[in-house]
Each structure stands twice: as C-alpha cells, then as structure tokens.
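Coordinates from start_17.txt are shown below (compact mmCIF, N, CA and C atoms).
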# COMPACT_ATOMS: atom_id res chain seq x y z
N TYR B 1 147.17 -127.11 41.10
CA TYR B 1 146.40 -125.88 41.28
C TYR B 1 145.15 -126.15 42.12
N ILE B 2 144.38 -127.15 41.75
CA ILE B 2 143.11 -127.44 42.44
C ILE B 2 143.36 -127.79 43.91
N ASP B 3 144.38 -128.61 44.17
CA ASP B 3 144.68 -128.98 45.55
C ASP B 3 145.07 -127.75 46.37
N ALA B 4 145.92 -126.89 45.81
CA ALA B 4 146.35 -125.68 46.52
C ALA B 4 145.16 -124.75 46.75
N LEU B 5 144.29 -124.63 45.77
CA LEU B 5 143.09 -123.79 45.91
C LEU B 5 142.21 -124.33 47.03
N ASN B 6 141.97 -125.61 47.06
CA ASN B 6 141.13 -126.20 48.10
C ASN B 6 141.73 -126.04 49.49
N ARG B 7 143.04 -126.19 49.60
CA ARG B 7 143.71 -126.02 50.90
C ARG B 7 143.67 -124.58 51.38
N SER B 8 143.58 -123.64 50.45
CA SER B 8 143.64 -122.22 50.81
C SER B 8 142.36 -121.71 51.46
N ASN B 9 141.22 -122.37 51.23
CA ASN B 9 139.91 -121.90 51.69
C ASN B 9 139.57 -120.51 51.15
N MET B 10 140.12 -120.15 50.01
CA MET B 10 139.85 -118.86 49.37
C MET B 10 138.95 -119.09 48.17
N ASP B 11 138.26 -118.02 47.75
CA ASP B 11 137.50 -118.17 46.51
C ASP B 11 138.47 -118.13 45.33
N LYS B 12 138.04 -118.70 44.21
CA LYS B 12 138.91 -118.86 43.05
C LYS B 12 139.42 -117.52 42.53
N GLU B 13 138.57 -116.50 42.52
CA GLU B 13 138.96 -115.18 42.01
C GLU B 13 140.12 -114.60 42.82
N ALA B 14 140.03 -114.68 44.13
CA ALA B 14 141.11 -114.16 44.99
C ALA B 14 142.37 -114.99 44.80
N PHE B 15 142.22 -116.31 44.74
CA PHE B 15 143.38 -117.18 44.56
C PHE B 15 144.08 -116.90 43.24
N ASP B 16 143.29 -116.71 42.18
CA ASP B 16 143.86 -116.40 40.87
C ASP B 16 144.57 -115.05 40.87
N ALA B 17 144.07 -114.11 41.65
CA ALA B 17 144.75 -112.81 41.77
C ALA B 17 146.13 -112.99 42.40
N GLY B 18 146.23 -113.90 43.35
CA GLY B 18 147.53 -114.20 43.94
C GLY B 18 148.49 -114.79 42.92
N ILE B 19 147.98 -115.65 42.07
CA ILE B 19 148.80 -116.20 40.98
C ILE B 19 149.24 -115.08 40.05
N ASP B 20 148.32 -114.16 39.75
CA ASP B 20 148.63 -113.02 38.89
C ASP B 20 149.76 -112.17 39.48
N CYS B 21 149.86 -112.16 40.80
CA CYS B 21 150.92 -111.40 41.47
C CYS B 21 152.26 -112.15 41.48
N GLY B 22 152.25 -113.37 40.96
CA GLY B 22 153.48 -114.15 40.90
C GLY B 22 153.80 -114.90 42.18
N LEU B 23 152.81 -115.09 43.04
CA LEU B 23 153.03 -115.78 44.30
C LEU B 23 153.02 -117.28 44.11
N GLU B 24 153.75 -117.98 44.96
CA GLU B 24 153.75 -119.44 44.95
C GLU B 24 152.37 -119.94 45.42
N LEU B 25 151.90 -121.02 44.85
CA LEU B 25 150.57 -121.53 45.15
C LEU B 25 150.35 -121.74 46.65
N ASP B 26 151.33 -122.28 47.33
CA ASP B 26 151.17 -122.59 48.76
C ASP B 26 151.32 -121.37 49.66
N GLU B 27 151.72 -120.22 49.09
CA GLU B 27 151.89 -119.01 49.89
C GLU B 27 150.72 -118.04 49.79
N ILE B 28 149.88 -118.22 48.81
CA ILE B 28 148.84 -117.24 48.50
C ILE B 28 147.95 -116.94 49.70
N SER B 29 147.43 -117.95 50.35
CA SER B 29 146.50 -117.69 51.45
C SER B 29 147.20 -117.03 52.64
N ASN B 30 148.47 -117.34 52.87
CA ASN B 30 149.20 -116.72 53.97
C ASN B 30 149.53 -115.25 53.71
N LEU B 31 149.67 -114.90 52.44
CA LEU B 31 150.05 -113.53 52.08
C LEU B 31 148.83 -112.65 51.76
N TYR B 32 147.66 -113.25 51.76
CA TYR B 32 146.43 -112.52 51.44
C TYR B 32 146.12 -111.48 52.52
N TYR B 33 145.85 -110.25 52.09
CA TYR B 33 145.59 -109.16 53.03
C TYR B 33 144.12 -108.73 53.02
N GLY B 34 143.45 -108.89 51.90
CA GLY B 34 142.04 -108.53 51.82
C GLY B 34 141.65 -108.04 50.45
N SER B 35 140.37 -107.68 50.30
CA SER B 35 139.89 -107.13 49.03
C SER B 35 139.49 -105.67 49.23
N PHE B 36 139.78 -104.87 48.22
CA PHE B 36 139.57 -103.43 48.29
C PHE B 36 139.14 -102.92 46.91
N ASP B 37 138.43 -101.81 46.91
CA ASP B 37 137.97 -101.23 45.64
C ASP B 37 139.11 -100.65 44.82
N SER B 38 140.17 -100.19 45.49
CA SER B 38 141.28 -99.56 44.79
C SER B 38 142.52 -99.55 45.67
N GLU B 39 143.63 -99.21 45.06
CA GLU B 39 144.87 -99.05 45.83
C GLU B 39 144.71 -97.94 46.86
N SER B 40 143.97 -96.90 46.50
CA SER B 40 143.74 -95.78 47.41
C SER B 40 142.96 -96.22 48.64
N ASP B 41 141.91 -97.02 48.43
CA ASP B 41 141.12 -97.51 49.56
C ASP B 41 141.97 -98.38 50.48
N PHE B 42 142.78 -99.24 49.89
CA PHE B 42 143.67 -100.06 50.71
C PHE B 42 144.64 -99.17 51.50
N SER B 43 145.22 -98.19 50.84
CA SER B 43 146.20 -97.31 51.49
C SER B 43 145.61 -96.59 52.68
N GLU B 44 144.41 -96.08 52.52
CA GLU B 44 143.75 -95.36 53.62
C GLU B 44 143.47 -96.30 54.79
N GLN B 45 142.93 -97.47 54.50
CA GLN B 45 142.64 -98.43 55.57
C GLN B 45 143.92 -98.90 56.25
N TYR B 46 144.95 -99.15 55.47
CA TYR B 46 146.23 -99.58 56.03
C TYR B 46 146.79 -98.51 56.98
N ALA B 47 146.72 -97.25 56.56
CA ALA B 47 147.23 -96.15 57.39
C ALA B 47 146.44 -96.06 58.69
N GLU B 48 145.12 -96.24 58.62
CA GLU B 48 144.29 -96.19 59.82
C GLU B 48 144.60 -97.36 60.75
N GLU B 49 144.69 -98.58 60.19
CA GLU B 49 144.94 -99.77 61.01
C GLU B 49 146.32 -99.77 61.65
N SER B 50 147.29 -99.16 60.97
CA SER B 50 148.65 -99.16 61.50
C SER B 50 148.94 -97.96 62.40
N GLY B 51 147.92 -97.10 62.59
CA GLY B 51 148.05 -95.98 63.52
C GLY B 51 148.68 -94.73 62.94
N ILE B 52 148.97 -94.74 61.66
CA ILE B 52 149.60 -93.59 61.02
C ILE B 52 148.72 -92.34 61.11
N THR B 53 147.43 -92.53 61.00
CA THR B 53 146.51 -91.39 61.00
C THR B 53 145.82 -91.18 62.34
N GLU B 54 146.27 -91.87 63.37
CA GLU B 54 145.60 -91.85 64.67
C GLU B 54 145.40 -90.44 65.22
N ASN B 55 146.39 -89.62 65.17
CA ASN B 55 146.30 -88.26 65.72
C ASN B 55 146.08 -87.20 64.66
N MET B 56 145.74 -87.63 63.46
CA MET B 56 145.55 -86.70 62.36
C MET B 56 144.10 -86.22 62.32
N PRO B 57 143.87 -84.92 62.30
CA PRO B 57 142.49 -84.42 62.22
C PRO B 57 141.83 -84.87 60.91
N ASN B 58 140.52 -85.07 60.96
CA ASN B 58 139.78 -85.51 59.77
C ASN B 58 139.96 -84.55 58.60
N GLU B 59 140.06 -83.26 58.89
CA GLU B 59 140.25 -82.29 57.80
C GLU B 59 141.53 -82.57 57.04
N LEU B 60 142.56 -82.99 57.75
CA LEU B 60 143.84 -83.31 57.12
C LEU B 60 143.79 -84.67 56.42
N LYS B 61 143.12 -85.64 57.03
CA LYS B 61 142.98 -86.96 56.40
C LYS B 61 142.32 -86.84 55.03
N ASN B 62 141.35 -85.94 54.93
CA ASN B 62 140.63 -85.76 53.67
C ASN B 62 141.50 -85.15 52.58
N CYS B 63 142.65 -84.60 52.95
CA CYS B 63 143.55 -83.98 51.99
C CYS B 63 144.64 -84.92 51.50
N VAL B 64 144.76 -86.08 52.11
CA VAL B 64 145.83 -87.02 51.75
C VAL B 64 145.53 -87.65 50.40
N ASP B 65 146.54 -87.71 49.57
CA ASP B 65 146.45 -88.39 48.28
C ASP B 65 146.84 -89.85 48.51
N TRP B 66 145.84 -90.69 48.75
CA TRP B 66 146.10 -92.09 49.10
C TRP B 66 146.70 -92.87 47.94
N LYS B 67 146.40 -92.51 46.73
CA LYS B 67 147.02 -93.16 45.56
C LYS B 67 148.52 -92.86 45.54
N TYR B 68 148.88 -91.63 45.88
CA TYR B 68 150.30 -91.27 45.96
C TYR B 68 151.00 -92.08 47.05
N TYR B 69 150.34 -92.26 48.18
CA TYR B 69 150.89 -93.05 49.27
C TYR B 69 151.15 -94.48 48.80
N TRP B 70 150.20 -95.04 48.04
CA TRP B 70 150.37 -96.37 47.48
C TRP B 70 151.58 -96.38 46.54
N ASN B 71 151.61 -95.45 45.60
CA ASN B 71 152.67 -95.43 44.59
C ASN B 71 154.05 -95.17 45.19
N SER B 72 154.13 -94.38 46.23
CA SER B 72 155.41 -93.99 46.80
C SER B 72 155.93 -94.97 47.86
N TYR B 73 155.03 -95.69 48.53
CA TYR B 73 155.45 -96.51 49.65
C TYR B 73 154.89 -97.94 49.63
N LEU B 74 153.60 -98.08 49.60
CA LEU B 74 152.99 -99.39 49.85
C LEU B 74 153.18 -100.39 48.71
N GLN B 75 153.29 -99.91 47.47
CA GLN B 75 153.41 -100.85 46.36
C GLN B 75 154.68 -101.70 46.42
N PHE B 76 155.63 -101.28 47.24
CA PHE B 76 156.85 -102.05 47.39
C PHE B 76 156.71 -103.18 48.41
N ASP B 77 155.69 -103.10 49.23
CA ASP B 77 155.44 -104.13 50.25
C ASP B 77 154.21 -104.97 49.98
N PHE B 78 153.38 -104.54 49.03
CA PHE B 78 152.13 -105.23 48.74
C PHE B 78 151.92 -105.34 47.23
N ASN B 79 151.13 -106.34 46.84
CA ASN B 79 150.66 -106.49 45.45
C ASN B 79 149.17 -106.24 45.43
N PHE B 80 148.70 -105.57 44.38
CA PHE B 80 147.27 -105.33 44.18
C PHE B 80 146.89 -105.91 42.83
N SER B 81 145.93 -106.83 42.82
CA SER B 81 145.49 -107.43 41.57
C SER B 81 144.00 -107.70 41.63
N TYR B 82 143.27 -107.13 40.69
CA TYR B 82 141.83 -107.35 40.56
C TYR B 82 141.08 -107.10 41.87
N GLY B 83 141.55 -106.13 42.64
CA GLY B 83 140.88 -105.77 43.89
C GLY B 83 141.35 -106.53 45.11
N TYR B 84 142.33 -107.40 44.95
CA TYR B 84 142.85 -108.20 46.06
C TYR B 84 144.28 -107.76 46.39
N VAL B 85 144.58 -107.73 47.68
CA VAL B 85 145.91 -107.28 48.12
C VAL B 85 146.62 -108.44 48.82
N PHE B 86 147.90 -108.56 48.48
CA PHE B 86 148.76 -109.59 49.06
C PHE B 86 150.05 -108.93 49.54
N SER B 87 150.56 -109.41 50.64
CA SER B 87 151.84 -108.92 51.15
C SER B 87 152.97 -109.49 50.30
N ASN B 88 154.04 -108.71 50.14
CA ASN B 88 155.23 -109.19 49.45
C ASN B 88 156.17 -109.91 50.39
N LYS B 89 155.87 -109.83 51.68
CA LYS B 89 156.81 -110.37 52.68
C LYS B 89 156.47 -111.77 53.09
When written as structure tokens, how does the structure in this file appear?
Amino acid sequence: YIDALNRSNMDKEAFDAGIDCGLELDEISNLYYGSFDSESDFSEQYAEESGITENMPNELKNCVDWKYYWNSYLQFDFNFSYGYVFSNK
C-alpha cells in the first residue's frame, strides 16, 4: 500500500477513495479524474469539458438536473467516492 501510494504522487485521502472504489493499487493514479463537491458538480463540468453543453443557452443549462445525468449515464463510466472521481475504463 505505502509503495503504491508513494508512486502515485496523490494525497492519501484521494488514494484511499480509489481503494474504496475497488480499483487496483497500481491503477488508481491513472484512473483519477479529479475532486468535486458532488456527483452533480462533476456531471456539469464533464458535460462542459466534453462539449455537450457547448451550444446550449445558459437558461437551458440552468434547468438540467445534473444529478439525474450522473445517475442515468455517468455512474456507469465513473466512480465517485468521498468527493473524488475515477474512471471505470
């Protein structure tokens, strides 16, 4: 554990969240996506970064249920634990 943690260059809390997600010790840092306040915050940022909301007016963006987006789509490709997100791929 200690060797894998040191090789990852991650803080212990984030590394432990990866373990909580069931990831292999040597994969945690490669699958780490970032830290977020909630699944909703991650979902909104992910949609913006991937261009999904690029042409969407702000009035419409404010109506999106980002938690629903997480529950319906993103939770199958990502893990969220203690504010940390990891890819499942």
- [ ] Find the residues around B:Val85 up to 7 Å (only C-alpha atoms counted), leave out those fewer than 5 positions away in its own chain, and share them as a ChimeraX atom specification.
- [x] /B:32-35,78-80
Task: Test item, alpha helix (DSSP H) assignment across chain B, answer as a ChimeraX atom specification - done: /B:2-8,12-20,28-31,39-49,58-61,66-72
Within 12 Å of B:Met10, counting only C-alpha atoms, which residues qualify if same-chain residues fewer than 2 places away don't, as an mmCIF file with N, CA and C atoms, keeping the file's coordinate frame?
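To be explicit, this is the file written out as around-v3.cif:
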data_model
loop_
_atom_site.group_PDB
_atom_site.id
_atom_site.type_symbol
_atom_site.label_atom_id
_atom_site.label_comp_id
_atom_site.auth_asym_id
_atom_site.auth_seq_id
_atom_site.Cartn_x
_atom_site.Cartn_y
_atom_site.Cartn_z
ATOM 1 N N ILE B 2 144.380 -127.150 41.750
ATOM 2 C CA ILE B 2 143.110 -127.440 42.440
ATOM 3 C C ILE B 2 143.360 -127.790 43.910
ATOM 4 N N ASP B 3 144.380 -128.610 44.170
ATOM 5 C CA ASP B 3 144.680 -128.980 45.550
ATOM 6 C C ASP B 3 145.070 -127.750 46.370
ATOM 7 N N ALA B 4 145.920 -126.890 45.810
ATOM 8 C CA ALA B 4 146.350 -125.680 46.520
ATOM 9 C C ALA B 4 145.160 -124.750 46.750
ATOM 10 N N LEU B 5 144.290 -124.630 45.770
ATOM 11 C CA LEU B 5 143.090 -123.790 45.910
ATOM 12 C C LEU B 5 142.210 -124.330 47.030
ATOM 13 N N ASN B 6 141.970 -125.610 47.060
ATOM 14 C CA ASN B 6 141.130 -126.200 48.100
ATOM 15 C C ASN B 6 141.730 -126.040 49.490
ATOM 16 N N ARG B 7 143.040 -126.190 49.600
ATOM 17 C CA ARG B 7 143.710 -126.020 50.900
ATOM 18 C C ARG B 7 143.670 -124.580 51.380
ATOM 19 N N SER B 8 143.580 -123.640 50.450
ATOM 20 C CA SER B 8 143.640 -122.220 50.810
ATOM 21 C C SER B 8 142.360 -121.710 51.460
ATOM 22 N N LYS B 12 138.040 -118.700 44.210
ATOM 23 C CA LYS B 12 138.910 -118.860 43.050
ATOM 24 C C LYS B 12 139.420 -117.520 42.530
ATOM 25 N N GLU B 13 138.570 -116.500 42.520
ATOM 26 C CA GLU B 13 138.960 -115.180 42.010
ATOM 27 C C GLU B 13 140.120 -114.600 42.820
ATOM 28 N N ALA B 14 140.030 -114.680 44.130
ATOM 29 C CA ALA B 14 141.110 -114.160 44.990
ATOM 30 C C ALA B 14 142.370 -114.990 44.800
ATOM 31 N N PHE B 15 142.220 -116.310 44.740
ATOM 32 C CA PHE B 15 143.380 -117.180 44.560
ATOM 33 C C PHE B 15 144.080 -116.900 43.240
ATOM 34 N N ASP B 16 143.290 -116.710 42.180
ATOM 35 C CA ASP B 16 143.860 -116.400 40.870
ATOM 36 C C ASP B 16 144.570 -115.050 40.870
ATOM 37 N N ALA B 17 144.070 -114.110 41.650
ATOM 38 C CA ALA B 17 144.750 -112.810 41.770
ATOM 39 C C ALA B 17 146.130 -112.990 42.400
ATOM 40 N N GLY B 18 146.230 -113.900 43.350
ATOM 41 C CA GLY B 18 147.530 -114.200 43.940
ATOM 42 C C GLY B 18 148.490 -114.790 42.920
ATOM 43 N N LEU B 25 151.900 -121.020 44.850
ATOM 44 C CA LEU B 25 150.570 -121.530 45.150
ATOM 45 C C LEU B 25 150.350 -121.740 46.650
ATOM 46 N N ASP B 26 151.330 -122.280 47.330
ATOM 47 C CA ASP B 26 151.170 -122.590 48.760
ATOM 48 C C ASP B 26 151.320 -121.370 49.660
ATOM 49 N N ILE B 28 149.880 -118.220 48.810
ATOM 50 C CA ILE B 28 148.840 -117.240 48.500
ATOM 51 C C ILE B 28 147.950 -116.940 49.700
ATOM 52 N N SER B 29 147.430 -117.950 50.350
ATOM 53 C CA SER B 29 146.500 -117.690 51.450
ATOM 54 C C SER B 29 147.200 -117.030 52.640
ATOM 55 N N ASN B 30 148.470 -117.340 52.870
ATOM 56 C CA ASN B 30 149.200 -116.720 53.970
ATOM 57 C C ASN B 30 149.530 -115.250 53.710
ATOM 58 N N LEU B 31 149.670 -114.900 52.440
ATOM 59 C CA LEU B 31 150.050 -113.530 52.080
ATOM 60 C C LEU B 31 148.830 -112.650 51.760
ATOM 61 N N TYR B 32 147.660 -113.250 51.760
ATOM 62 C CA TYR B 32 146.430 -112.520 51.440
ATOM 63 C C TYR B 32 146.120 -111.480 52.520
ATOM 64 N N TYR B 33 145.850 -110.250 52.090
ATOM 65 C CA TYR B 33 145.590 -109.160 53.030
ATOM 66 C C TYR B 33 144.120 -108.730 53.020
ATOM 67 N N GLY B 34 143.450 -108.890 51.900
ATOM 68 C CA GLY B 34 142.040 -108.530 51.820
ATOM 69 C C GLY B 34 141.650 -108.040 50.450
ATOM 70 N N SER B 35 140.370 -107.680 50.300
ATOM 71 C CA SER B 35 139.890 -107.130 49.030
ATOM 72 C C SER B 35 139.490 -105.670 49.230
ATOM 73 N N TYR B 84 142.330 -107.400 44.950
ATOM 74 C CA TYR B 84 142.850 -108.200 46.060
ATOM 75 C C TYR B 84 144.280 -107.760 46.390
#
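Secondary structure by DSSP on the backbone puts the following residues of chain B in strand (DSSP E or B): Tyr32, Tyr33, Gly34, Ser35, Phe78, Asn79, Phe80, Ser81, Tyr84, Val85, Phe86 and Ser87 of chain B.
Straight-line separation from atom C of B:Cys63 to atom N of B:Asn88: 25.6 Å.
Across the model, the gap from atom CA of B:Phe36 to atom N of B:Asn9 is 19.2 Å.
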Task: Å distance separating atom CA of B:Ser81 from atom CA of B:Asp37, one decimal place - done: 10.6 Å
- [ ] Please identify all polymer residues within 9 Å of B:Ser40, counting only C-alpha atoms, omitting same-chain residues fewer than 5 positions from it, and present them as a PyMOL selection string.
- [x] chain B and resi 45+65-70
Completed stretch 78-89 of chain B (all heavy atoms) as an mmCIF file, in the frame of the given file:
data_model
loop_
_atom_site.group_PDB
_atom_site.id
_atom_site.type_symbol
_atom_site.label_atom_id
_atom_site.label_comp_id
_atom_site.auth_asym_id
_atom_site.auth_seq_id
_atom_site.Cartn_x
_atom_site.Cartn_y
_atom_site.Cartn_z
ATOM 1 N N PHE B 78 153.380 -104.540 49.030
ATOM 2 C CA PHE B 78 152.130 -105.230 48.740
ATOM 3 C C PHE B 78 151.920 -105.340 47.230
ATOM 4 O O PHE B 78 152.436 -104.536 46.461
ATOM 5 C CB PHE B 78 150.938 -104.480 49.345
ATOM 6 C CG PHE B 78 150.969 -104.417 50.841
ATOM 7 C CD1 PHE B 78 151.519 -103.328 51.495
ATOM 8 C CD2 PHE B 78 150.449 -105.454 51.607
ATOM 9 C CE1 PHE B 78 151.566 -103.262 52.881
ATOM 10 C CE2 PHE B 78 150.484 -105.407 52.992
ATOM 11 C CZ PHE B 78 151.044 -104.306 53.630
ATOM 12 N N ASN B 79 151.130 -106.340 46.840
ATOM 13 C CA ASN B 79 150.660 -106.490 45.450
ATOM 14 C C ASN B 79 149.170 -106.240 45.430
ATOM 15 O O ASN B 79 148.452 -106.675 46.326
ATOM 16 C CB ASN B 79 150.915 -107.919 44.955
ATOM 17 C CG ASN B 79 152.376 -108.223 44.776
ATOM 18 O OD1 ASN B 79 153.064 -107.534 44.049
ATOM 19 N ND2 ASN B 79 152.847 -109.262 45.446
ATOM 20 N N PHE B 80 148.700 -105.570 44.380
ATOM 21 C CA PHE B 80 147.270 -105.330 44.180
ATOM 22 C C PHE B 80 146.890 -105.910 42.830
ATOM 23 O O PHE B 80 147.469 -105.554 41.801
ATOM 24 C CB PHE B 80 146.983 -103.823 44.207
ATOM 25 C CG PHE B 80 145.531 -103.476 44.161
ATOM 26 C CD1 PHE B 80 144.809 -103.321 45.333
ATOM 27 C CD2 PHE B 80 144.876 -103.318 42.954
ATOM 28 C CE1 PHE B 80 143.460 -102.994 45.298
ATOM 29 C CE2 PHE B 80 143.530 -103.001 42.902
ATOM 30 C CZ PHE B 80 142.824 -102.836 44.083
ATOM 31 N N SER B 81 145.930 -106.830 42.820
ATOM 32 C CA SER B 81 145.490 -107.430 41.570
ATOM 33 C C SER B 81 144.000 -107.700 41.630
ATOM 34 O O SER B 81 143.522 -108.398 42.531
ATOM 35 C CB SER B 81 146.248 -108.748 41.340
ATOM 36 O OG SER B 81 145.821 -109.373 40.147
ATOM 37 N N TYR B 82 143.270 -107.130 40.690
ATOM 38 C CA TYR B 82 141.830 -107.350 40.560
ATOM 39 C C TYR B 82 141.080 -107.100 41.870
ATOM 40 O O TYR B 82 140.129 -107.805 42.202
ATOM 41 C CB TYR B 82 141.527 -108.757 40.050
ATOM 42 C CG TYR B 82 142.150 -109.053 38.715
ATOM 43 C CD1 TYR B 82 143.284 -109.876 38.633
ATOM 44 C CD2 TYR B 82 141.663 -108.490 37.544
ATOM 45 C CE1 TYR B 82 143.881 -110.127 37.412
ATOM 46 C CE2 TYR B 82 142.256 -108.728 36.322
ATOM 47 C CZ TYR B 82 143.356 -109.558 36.255
ATOM 48 O OH TYR B 82 143.957 -109.803 35.053
ATOM 49 N N GLY B 83 141.550 -106.130 42.640
ATOM 50 C CA GLY B 83 140.880 -105.770 43.890
ATOM 51 C C GLY B 83 141.350 -106.530 45.110
ATOM 52 O O GLY B 83 140.848 -106.326 46.199
ATOM 53 N N TYR B 84 142.330 -107.400 44.950
ATOM 54 C CA TYR B 84 142.850 -108.200 46.060
ATOM 55 C C TYR B 84 144.280 -107.760 46.390
ATOM 56 O O TYR B 84 145.060 -107.479 45.487
ATOM 57 C CB TYR B 84 142.826 -109.698 45.706
ATOM 58 C CG TYR B 84 141.439 -110.199 45.425
ATOM 59 C CD1 TYR B 84 140.954 -110.291 44.131
ATOM 60 C CD2 TYR B 84 140.596 -110.531 46.489
ATOM 61 C CE1 TYR B 84 139.665 -110.725 43.892
ATOM 62 C CE2 TYR B 84 139.304 -110.975 46.243
ATOM 63 C CZ TYR B 84 138.842 -111.069 44.942
ATOM 64 O OH TYR B 84 137.563 -111.494 44.711
ATOM 65 N N VAL B 85 144.580 -107.730 47.680
ATOM 66 C CA VAL B 85 145.910 -107.280 48.120
ATOM 67 C C VAL B 85 146.620 -108.440 48.820
ATOM 68 O O VAL B 85 146.027 -109.164 49.621
ATOM 69 C CB VAL B 85 145.787 -106.085 49.093
ATOM 70 C CG1 VAL B 85 147.147 -105.684 49.644
ATOM 71 C CG2 VAL B 85 145.135 -104.905 48.389
ATOM 72 N N PHE B 86 147.900 -108.560 48.480
ATOM 73 C CA PHE B 86 148.760 -109.590 49.060
ATOM 74 C C PHE B 86 150.050 -108.930 49.540
ATOM 75 O O PHE B 86 150.574 -108.034 48.872
ATOM 76 C CB PHE B 86 149.100 -110.661 48.007
ATOM 77 C CG PHE B 86 147.913 -111.374 47.458
ATOM 78 C CD1 PHE B 86 147.216 -110.841 46.386
ATOM 79 C CD2 PHE B 86 147.461 -112.550 48.027
ATOM 80 C CE1 PHE B 86 146.095 -111.490 45.868
ATOM 81 C CE2 PHE B 86 146.348 -113.199 47.526
ATOM 82 C CZ PHE B 86 145.663 -112.664 46.456
ATOM 83 N N SER B 87 150.560 -109.410 50.640
ATOM 84 C CA SER B 87 151.840 -108.920 51.150
ATOM 85 C C SER B 87 152.970 -109.490 50.300
ATOM 86 O O SER B 87 152.895 -110.612 49.801
ATOM 87 C CB SER B 87 152.008 -109.357 52.600
ATOM 88 O OG SER B 87 153.294 -109.010 53.068
ATOM 89 N N ASN B 88 154.040 -108.710 50.140
ATOM 90 C CA ASN B 88 155.230 -109.190 49.450
ATOM 91 C C ASN B 88 156.170 -109.910 50.390
ATOM 92 O O ASN B 88 157.172 -110.469 49.978
ATOM 93 C CB ASN B 88 156.012 -108.022 48.834
ATOM 94 C CG ASN B 88 155.351 -107.499 47.586
ATOM 95 O OD1 ASN B 88 154.597 -108.184 46.941
ATOM 96 N ND2 ASN B 88 155.627 -106.257 47.254
ATOM 97 N N LYS B 89 155.870 -109.830 51.680
ATOM 98 C CA LYS B 89 156.810 -110.370 52.680
ATOM 99 C C LYS B 89 156.470 -111.770 53.090
ATOM 100 O O LYS B 89 155.406 -112.221 53.137
ATOM 101 C CB LYS B 89 156.805 -109.465 53.913
ATOM 102 C CG LYS B 89 157.244 -108.069 53.561
ATOM 103 C CD LYS B 89 157.170 -107.174 54.775
ATOM 104 C CE LYS B 89 157.591 -105.771 54.390
ATOM 105 N NZ LYS B 89 157.558 -104.845 55.454
#
